Every structure is written in structure tokens, then in C-alpha cells.
>>> print(open('structure04.cif').read())   # mmCIF, C-alpha atoms
data_target
#
loop_
_atom_site.label_atom_id
_atom_site.label_comp_id
_atom_site.auth_asym_id
_atom_site.auth_seq_id
_atom_site.Cartn_x
_atom_site.Cartn_y
_atom_site.Cartn_z
CA MET A 1 0.00 0.00 0.00
CA ASN A 2 1.42 3.36 -1.03
CA PHE A 3 -0.29 6.12 0.96
CA GLN A 4 1.65 8.92 -0.73
CA GLU A 5 0.91 7.74 -4.25
CA GLY A 6 -2.71 7.16 -3.32
CA ALA A 7 -4.87 4.75 -1.32
CA ILE A 8 -8.60 4.41 -0.65
CA PHE A 9 -9.96 2.64 2.42
CA ALA A 10 -12.69 3.19 5.02
CA ILE A 11 -12.84 3.44 8.78
CA ASP A 12 -15.79 2.84 11.10
CA LYS A 13 -16.14 6.31 12.62
CA PRO A 14 -16.89 6.15 16.34
CA TYR A 15 -19.74 7.88 18.15
CA GLY A 16 -19.14 11.41 19.41
CA MET A 17 -16.23 12.25 17.11
CA SER A 18 -16.32 14.62 14.14
CA SER A 19 -15.32 13.33 10.71
CA PHE A 20 -12.49 15.88 10.71
CA GLY A 21 -11.27 14.64 14.09
CA ALA A 22 -11.28 11.03 12.88
CA LEU A 23 -9.47 12.03 9.69
CA ALA A 24 -6.82 14.02 11.62
CA HIS A 25 -6.05 11.02 13.84
CA VAL A 26 -5.74 8.68 10.85
CA ARG A 27 -3.56 11.18 8.97
CA PHE A 28 -1.25 11.56 11.98
CA LEU A 29 -0.74 7.79 12.31
CA ILE A 30 -0.19 7.30 8.56
CA SER A 31 2.28 10.20 8.35
CA LYS A 32 4.19 8.85 11.34
CA LYS A 33 4.28 5.36 9.81
CA VAL A 34 5.47 6.60 6.42
CA GLY A 35 7.97 8.95 8.03
CA VAL A 36 6.83 12.23 6.55
CA LYS A 37 5.44 15.38 8.12
CA ARG A 38 1.99 15.18 6.54
CA VAL A 39 0.45 12.73 4.05
CA LYS A 40 -2.26 14.39 1.98
CA THR A 41 -5.53 12.94 3.26
CA GLY A 42 -9.25 13.63 2.87
CA HIS A 43 -12.63 11.98 3.45
CA ALA A 44 -15.50 11.43 1.03
CA GLY A 45 -18.66 12.49 2.86
CA THR A 46 -19.05 13.98 6.34
CA LEU A 47 -20.74 12.10 9.18
CA ASP A 48 -22.25 13.98 12.12
CA PRO A 49 -20.42 13.50 15.45
CA LEU A 50 -23.37 11.47 16.80
CA ALA A 51 -23.34 9.18 13.75
CA THR A 52 -21.14 6.11 13.31
CA GLY A 53 -20.13 3.98 10.37
CA VAL A 54 -18.47 4.12 6.98
CA LEU A 55 -16.13 7.05 6.47
CA VAL A 56 -14.19 6.69 3.21
CA ILE A 57 -10.59 7.96 3.44
CA CYS A 58 -8.45 8.91 0.45
CA THR A 59 -4.72 9.64 0.55
CA GLY A 60 -2.17 11.09 -1.87
CA ARG A 61 -3.32 11.28 -5.48
CA ALA A 62 -6.48 9.37 -4.61
CA THR A 63 -7.82 12.56 -2.97
CA LYS A 64 -8.65 13.68 -6.52
CA GLN A 65 -11.39 11.01 -6.50
CA ILE A 66 -13.16 12.43 -3.43
CA GLU A 67 -15.71 14.48 -5.38
CA GLN A 68 -16.62 11.47 -7.53
CA LEU A 69 -16.86 9.16 -4.50
CA GLN A 70 -19.29 11.56 -2.80
CA TYR A 71 -21.85 10.69 -5.49
CA ASP A 72 -21.86 7.01 -4.48
CA THR A 73 -25.13 5.65 -3.09
CA LYS A 74 -25.22 5.51 0.70
CA GLU A 75 -27.12 3.29 3.10
CA TYR A 76 -28.04 4.14 6.69
CA THR A 77 -29.82 2.64 9.65
CA ALA A 78 -31.51 5.12 11.96
CA THR A 79 -33.67 5.19 15.08
CA LEU A 80 -36.25 7.94 15.56
CA GLN A 81 -38.08 9.14 18.65
CA LEU A 82 -41.60 10.23 17.75
CA GLY A 83 -43.63 12.90 19.50
CA ALA A 84 -40.89 15.49 20.00
CA THR A 85 -38.40 17.69 18.16
CA THR A 86 -35.02 19.26 18.84
CA ALA A 87 -33.25 22.21 17.20
CA SER A 88 -30.71 19.95 15.48
CA TYR A 89 -33.22 17.14 14.64
CA ASP A 90 -31.15 14.74 16.75
CA LYS A 91 -30.30 14.26 20.42
CA GLU A 92 -27.40 16.72 20.32
CA HIS A 93 -29.93 19.28 21.61
CA THR A 94 -32.66 18.98 24.21
CA VAL A 95 -36.33 18.61 23.27
CA ASN A 96 -37.86 21.95 22.32
CA MET A 97 -41.42 20.83 21.44
CA THR A 98 -43.64 17.84 22.16
CA TYR A 99 -46.53 16.54 20.04
CA PRO A 100 -49.37 14.02 20.30
CA THR A 101 -48.64 10.44 19.24
CA ARG A 102 -51.79 8.47 20.16
CA HIS A 103 -52.92 8.51 16.54
CA ILE A 104 -49.69 6.97 15.23
CA THR A 105 -49.83 3.31 14.22
CA ARG A 106 -47.44 1.06 12.33
CA GLU A 107 -49.74 1.32 9.29
CA LYS A 108 -49.61 5.13 9.39
CA VAL A 109 -45.83 5.02 9.66
CA GLU A 110 -45.59 2.73 6.62
CA GLN A 111 -47.85 5.09 4.66
CA ALA A 112 -45.80 8.12 5.69
CA LEU A 113 -42.50 6.52 4.68
CA ALA A 114 -43.80 5.75 1.19
CA GLN A 115 -44.11 9.52 0.56
CA PHE A 116 -40.34 9.94 0.71
CA ILE A 117 -39.26 7.50 -1.99
CA GLY A 118 -37.94 9.11 -5.18
CA ASP A 119 -36.70 12.66 -5.81
CA VAL A 120 -37.98 14.72 -2.89
CA PRO A 121 -37.38 18.32 -1.76
CA GLN A 122 -35.50 18.54 1.51
CA VAL A 123 -34.42 21.51 3.62
CA PRO A 124 -31.02 20.81 5.25
CA PRO A 125 -30.69 21.17 9.03
CA THR A 126 -29.58 24.63 10.12
CA TYR A 127 -27.14 22.84 12.45
CA SER A 128 -25.10 21.58 9.50
CA ALA A 129 -21.99 22.46 7.50
CA VAL A 130 -24.04 24.08 4.70
CA LYS A 131 -22.49 27.43 3.81
CA VAL A 132 -24.48 30.64 4.23
CA GLY A 133 -22.68 33.70 2.89
CA GLY A 134 -19.28 32.10 3.48
CA ASP A 135 -20.06 30.87 7.01
CA ARG A 136 -21.12 27.41 8.09
CA ALA A 137 -24.79 27.33 9.10
CA TYR A 138 -24.09 25.60 12.41
CA LYS A 139 -21.59 28.30 13.41
CA LEU A 140 -24.19 31.00 12.77
CA ARG A 141 -26.75 29.11 14.85
CA ARG A 142 -24.30 28.68 17.71
CA ARG A 143 -23.73 32.43 17.66
CA GLY A 144 -27.47 32.86 18.13
CA GLU A 145 -28.18 33.99 14.57
CA GLU A 146 -31.24 32.93 12.60
CA VAL A 147 -30.56 30.80 9.53
CA GLU A 148 -32.94 30.07 6.66
CA LEU A 149 -31.96 27.39 4.16
CA LYS A 150 -33.65 26.56 0.88
CA ALA A 151 -34.98 23.14 -0.08
CA LYS A 152 -33.04 21.06 -2.58
CA LEU A 153 -33.94 17.87 -4.39
CA VAL A 154 -32.45 14.67 -2.93
CA ARG A 155 -32.88 11.10 -4.10
CA ILE A 156 -34.15 8.38 -1.77
CA ASP A 157 -34.18 4.93 -3.35
CA GLU A 158 -35.43 2.84 -0.44
CA ILE A 159 -36.93 3.28 3.01
CA GLU A 160 -37.69 0.20 5.07
CA LEU A 161 -39.33 0.21 8.50
CA THR A 162 -37.30 -2.31 10.48
CA ASP A 163 -38.90 -1.79 13.91
CA PHE A 164 -41.79 0.07 15.51
CA ASP A 165 -42.36 0.26 19.27
CA ALA A 166 -45.84 1.66 19.95
CA GLN A 167 -45.18 1.90 23.70
CA LYS A 168 -41.99 3.97 23.48
CA MET A 169 -43.07 5.61 20.19
CA GLN A 170 -39.75 4.75 18.62
CA MET A 171 -39.10 3.48 15.11
CA SER A 172 -36.08 2.20 13.21
CA ILE A 173 -35.52 2.52 9.48
CA ARG A 174 -33.07 1.53 6.77
CA VAL A 175 -32.51 4.18 4.09
CA VAL A 176 -30.75 3.97 0.72
CA CYS A 177 -30.15 7.43 -0.70
CA GLY A 178 -28.04 9.69 -2.90
CA LYS A 179 -25.61 12.55 -2.31
CA GLY A 180 -26.66 15.41 -0.04
CA THR A 181 -29.45 13.58 1.81
CA TYR A 182 -29.68 14.50 5.50
CA ILE A 183 -31.20 11.69 7.56
CA ARG A 184 -31.81 14.23 10.35
CA SER A 185 -33.97 16.25 7.98
CA LEU A 186 -35.72 13.07 6.88
CA ALA A 187 -36.54 12.35 10.55
CA ARG A 188 -37.99 15.85 10.90
CA ASP A 189 -40.09 15.41 7.76
CA ILE A 190 -41.33 11.96 8.80
CA GLY A 191 -42.53 13.46 12.08
CA ARG A 192 -44.41 16.18 10.22
CA ALA A 193 -45.93 13.65 7.80
CA LEU A 194 -47.26 11.78 10.83
CA GLY A 195 -48.86 14.94 12.25
CA SER A 196 -46.36 14.89 15.11
CA GLY A 197 -42.65 15.40 15.62
CA ALA A 198 -39.53 13.23 15.40
CA PHE A 199 -35.79 13.38 15.95
CA LEU A 200 -32.87 10.99 15.53
CA THR A 201 -31.58 9.05 18.51
CA ALA A 202 -29.12 6.89 16.54
CA LEU A 203 -27.60 6.95 13.04
CA ARG A 204 -25.17 4.54 11.38
CA ARG A 205 -23.88 4.66 7.81
CA THR A 206 -23.65 1.03 6.76
CA ARG A 207 -22.57 1.42 3.13
CA VAL A 208 -20.97 3.87 0.68
CA GLY A 209 -20.99 2.53 -2.88
CA ASP A 210 -19.60 -1.00 -2.62
CA ILE A 211 -17.87 -0.38 0.71
CA ARG A 212 -19.83 -1.88 3.60
CA VAL A 213 -19.29 -1.26 7.29
CA GLU A 214 -18.00 -4.83 7.59
CA ASP A 215 -15.13 -3.81 5.28
CA CYS A 216 -14.09 -0.88 7.46
CA VAL A 217 -11.05 -0.60 9.66
CA ASP A 218 -12.03 -0.27 13.32
CA PHE A 219 -11.00 3.22 14.39
CA ASP A 220 -9.75 2.12 17.81
CA HIS A 221 -7.49 -0.50 16.18
CA PHE A 222 -6.27 1.57 13.24
CA GLN A 223 -2.63 1.43 14.37
CA GLU A 224 -2.79 -2.38 14.51
CA TRP A 225 -4.26 -2.48 10.99
CA LEU A 226 -1.58 -0.07 9.79
CA ASP A 227 1.20 -2.20 11.24
CA LYS A 228 -0.02 -5.19 9.21
CA GLN A 229 0.08 -3.34 5.87
CA ASN A 230 2.83 -3.87 3.32
CA ILE A 231 3.74 -0.21 2.84
CA GLU A 232 5.71 0.91 -0.21
#
>>> encode(input="structure04.cif", output="C-alpha cells")
Amino acid sequence: MNFQEGAIFAIDKPYGMSSFGALAHVRFLISKKVGVKRVKTGHAGTLDPLATGVLVICTGRATKQIEQLQYDTKEYTATLQLGATTASYDKEHTVNMTYPTRHITREKVEQALAQFIGDVPQVPPTYSAVKVGGDRAYKLRRRGEEVELKAKLVRIDEIELTDFDAQKMQMSIRVVCGKGTYIRSLARDIGRALGSGAFLTALRRTRVGDIRVEDCVDFDHFQEWLDKQNIE
């Protein structure tokens, strides 16, 4: 493996860490192993800190493929809490509104999910890295500024309801989607479609293109994986 010439692999990003933080750690270990100050490294598709799963890493000349790789189909598993919302559409923030849920049944959930298959308009979360006048939206929000983002078309190929708990009003889904789809925004929109609210309590990216989470290097054992590579 020649990291300076170019390599593509994936790590299983841990919970609570930013994609940039995970990338910086990997870059440090690779650079140290190769014996250079800094190996050019980038990732193909940001994951929220509270999300886990496939984070594709490119090094050296392979970083030129990042833009192309970002168009690969992605697959996620997610758990939603119904009946409430948060400012970030996930559990990073505390609940800001509660809604009725007594009318929600598994059948209604299935019907609601069917509305989101195909090319659908989606407004990104304001707590996201979307740029607004040169600034990241989440930075503006954290400074207390109001942010208004426009809807854009995203492609959702599949949504499967994998679990529904009527007592806890929690549901789990599997989503196959295209570039730029925010699962947090999808959770928000599912809640609205159900005449209630919803936010993410768990999110895992299980596939990017042909790379599955089972193919990923465990982040906590990256050094061990690195030591086993035949490095040119």
C-alpha cells in the first residue's frame, strides 16, 4: 500500500467524534508510519459527530477522487423518537417541542415513509456544514443567529421500516439514498408527515458505494491495521 501515491480505504467512525477529528487522527498515524510530516488525506462524505459507520478515506493522489466518490449511493440505519423535536433534529440538543402520538400506528408510519421514496425536496438542518454567505450554518446558529436554508432535491431509493415500538413511540428505518441527503432532515419530515414530531436518537452509515461497514477498519485498532500493511 502506497499512501503517498494514493490509497482508498474506510474506517468505522466512532460515536461522538467529528469526521475531521477522525481524519486528523488517521492522517497523523499514517504520516508517522510513512515517516513524513503530513500525508495528503481527505474523506469522502461527512458524518455527524453522533453518527457512526463508513467514512471513506483517500490519501495522496487518490484525494482527486473524493468528489466522484461523494456521489456514491449511501445506506443508513436510523432510530427515531416520535412525538418530540429538537433544534438539530437529533439528540445533540434537548427537546424543544412535544406533540401528540396516540394517533400513530405502524400502518400510518408505513404510509408516511412511502411519501419519501424518489426525488424529494429537503431543507437541510440549520445545524449543519451548509455554507451561508461564506459561514457554516451551524456556526451562525451557535452564535445565536437565525438561519434560513432553501430546499433542494435529494434522491431516496429505499426506506424500510425495520422496527416500531408503539409503547416507546420509537421506530427504526433503513434508508438507501443519494448525495446530499440528511437523515436528520428526513426524521424531521417523517414526524411532520405523521402529524407529530420526530428526531434521531441513533444513526449509522452502513454502506458507501460497494464499501460496507463490515469492510471498514475499526478506528480504535487503526494502528494495529496499519502495522499489518505492506507499505511501499
>>> axis_aligned_box(input="structure04.cif", around="range 53-72 of chain A", padding_each_side="6 Å", output="JSON")
{"center_x": -12.0, "center_y": 9.2, "center_z": 1.4, "size_x": 31.7, "size_y": 22.5, "size_z": 29.9}
>>> residues_near_point(input="structure04.cif", point="(-4.6, 15.2, -2.0)", cutoff="6 Å", atoms="only C-alpha atoms", output="tab-separated table (two decimals) with C-alpha atoms, in the coordinates of the input")
chain	number	residue	atom	x	y	z
A	40	LYS	CA	-2.26	14.39	1.98
A	41	THR	CA	-5.53	12.94	3.26
A	60	GLY	CA	-2.17	11.09	-1.87
A	61	ARG	CA	-3.32	11.28	-5.48
A	63	THR	CA	-7.82	12.56	-2.97
>>> atom_distance(input="structure04.cif", atom1="CA of Arg106 in chain A", atom2="CA of Leu153 in chain A")
27.3 Å
>>> resolve_selection(input="structure04.cif", expression="the PyMOL selection byres ((chain A and resi 100) around 7)", output="ChimeraX atom specification")
/A:83,99,101-102,196
>>> resolve_selection(input="structure04.cif", expression="the PyMOL selection byres ((chain A and resi 203) around 7)", output="list in words")
Ala51, Thr52, Tyr76, Thr77, Ala78, Thr79, Ala202, Arg204 and Arg205 of chain A
>>> write_last_selection(input="structure04.cif", atoms="C-alpha atoms", output="PDB file, keeping the file's coordinate frame")
ATOM      1  CA  ALA A  51     -23.340   9.180  13.750  1.00  0.00           C
ATOM      2  CA  THR A  52     -21.140   6.110  13.310  1.00  0.00           C
ATOM      3  CA  TYR A  76     -28.040   4.140   6.690  1.00  0.00           C
ATOM      4  CA  THR A  77     -29.820   2.640   9.650  1.00  0.00           C
ATOM      5  CA  ALA A  78     -31.510   5.120  11.960  1.00  0.00           C
ATOM      6  CA  THR A  79     -33.670   5.190  15.080  1.00  0.00           C
ATOM      7  CA  ALA A 202     -29.120   6.890  16.540  1.00  0.00           C
ATOM      8  CA  ARG A 204     -25.170   4.540  11.380  1.00  0.00           C
ATOM      9  CA  ARG A 205     -23.880   4.660   7.810  1.00  0.00           C
TER      10      ARG A 205
END
>>> resolve_selection(input="structure04.cif", expression="the PyMOL selection byres ((chain A and resi 198) around 12)", output="PyMOL selection string")
chain A and resi 78-91+95-101+104+109+169-172+183-197+199-201
>>> residues_around(input="structure04.cif", residues="Ile30 in chain A", least_positions_apart="4", cutoff="12 Å", atoms="all atoms listed in the file", output="ChimeraX atom specification")
/A:1-4,7,23-26,34-41,57-60,222-227,229,231
>>> residues_around(input="structure04.cif", residues="range 65-71 of chain A", least_positions_apart="2", cutoff="6 Å", atoms="all atoms listed in the file", output="PyMOL selection string")
chain A and resi 44-45+62-63+179
>>> write_last_selection(input="structure04.cif", atoms="C-alpha atoms", output="compact mmCIF listing (two decimals), in the frame of the given file")
# COMPACT_ATOMS: atom_id res chain seq x y z
CA ALA A 44 -15.50 11.43 1.03
CA GLY A 45 -18.66 12.49 2.86
CA ALA A 62 -6.48 9.37 -4.61
CA THR A 63 -7.82 12.56 -2.97
CA LYS A 179 -25.61 12.55 -2.31
>>> closest_residue(input="structure04.cif", among="A:Gly134, A:Arg141, A:His103, A:Asp72", to="Arg155 in chain A", atoms="all atoms listed in the file")
A:Asp72
>>> decode(input="structure04.cif", residues="range 7-18 of chain A", atoms="N, CA, C and O atoms", output="mmCIF file, in the first residue's frame")
data_model
loop_
_atom_site.group_PDB
_atom_site.id
_atom_site.type_symbol
_atom_site.label_atom_id
_atom_site.label_comp_id
_atom_site.auth_asym_id
_atom_site.auth_seq_id
_atom_site.Cartn_x
_atom_site.Cartn_y
_atom_site.Cartn_z
ATOM 1 N N ALA A 7 -4.171 5.926 -1.840
ATOM 2 C CA ALA A 7 -4.866 4.749 -1.320
ATOM 3 C C ALA A 7 -6.291 5.144 -0.939
ATOM 4 O O ALA A 7 -6.549 6.296 -0.558
ATOM 5 N N ILE A 8 -7.207 4.202 -1.061
ATOM 6 C CA ILE A 8 -8.596 4.411 -0.653
ATOM 7 C C ILE A 8 -8.988 3.272 0.280
ATOM 8 O O ILE A 8 -8.828 2.105 -0.056
ATOM 9 N N PHE A 9 -9.482 3.627 1.465
ATOM 10 C CA PHE A 9 -9.957 2.637 2.423
ATOM 11 C C PHE A 9 -11.038 3.321 3.264
ATOM 12 O O PHE A 9 -11.358 4.498 3.053
ATOM 13 N N ALA A 10 -11.634 2.601 4.185
ATOM 14 C CA ALA A 10 -12.686 3.189 5.016
ATOM 15 C C ALA A 10 -12.495 2.807 6.466
ATOM 16 O O ALA A 10 -12.019 1.713 6.784
ATOM 17 N N ILE A 11 -12.856 3.727 7.350
ATOM 18 C CA ILE A 11 -12.845 3.441 8.782
ATOM 19 C C ILE A 11 -14.286 3.454 9.295
ATOM 20 O O ILE A 11 -15.180 4.032 8.668
ATOM 21 N N ASP A 12 -14.499 2.807 10.413
ATOM 22 C CA ASP A 12 -15.787 2.836 11.097
ATOM 23 C C ASP A 12 -15.697 3.969 12.115
ATOM 24 O O ASP A 12 -15.109 3.815 13.180
ATOM 25 N N LYS A 13 -16.262 5.134 11.743
ATOM 26 C CA LYS A 13 -16.140 6.307 12.620
ATOM 27 C C LYS A 13 -16.890 6.074 13.933
ATOM 28 O O LYS A 13 -18.030 5.655 13.931
ATOM 29 N N PRO A 14 -16.232 6.363 15.048
ATOM 30 C CA PRO A 14 -16.887 6.153 16.342
ATOM 31 C C PRO A 14 -17.884 7.260 16.691
ATOM 32 O O PRO A 14 -17.848 8.356 16.141
ATOM 33 N N TYR A 15 -18.732 6.950 17.636
ATOM 34 C CA TYR A 15 -19.744 7.883 18.152
ATOM 35 C C TYR A 15 -19.074 9.053 18.872
ATOM 36 O O TYR A 15 -18.094 8.881 19.596
ATOM 37 N N GLY A 16 -19.598 10.243 18.663
ATOM 38 C CA GLY A 16 -19.144 11.409 19.409
ATOM 39 C C GLY A 16 -17.946 12.119 18.834
ATOM 40 O O GLY A 16 -17.501 13.124 19.392
ATOM 41 N N MET A 17 -17.401 11.635 17.727
ATOM 42 C CA MET A 17 -16.226 12.252 17.114
ATOM 43 C C MET A 17 -16.601 12.847 15.756
ATOM 44 O O MET A 17 -17.371 12.256 14.997
ATOM 45 N N SER A 18 -16.068 14.016 15.447
ATOM 46 C CA SER A 18 -16.324 14.619 14.140
ATOM 47 C C SER A 18 -15.559 13.856 13.068
ATOM 48 O O SER A 18 -14.555 13.187 13.343
#
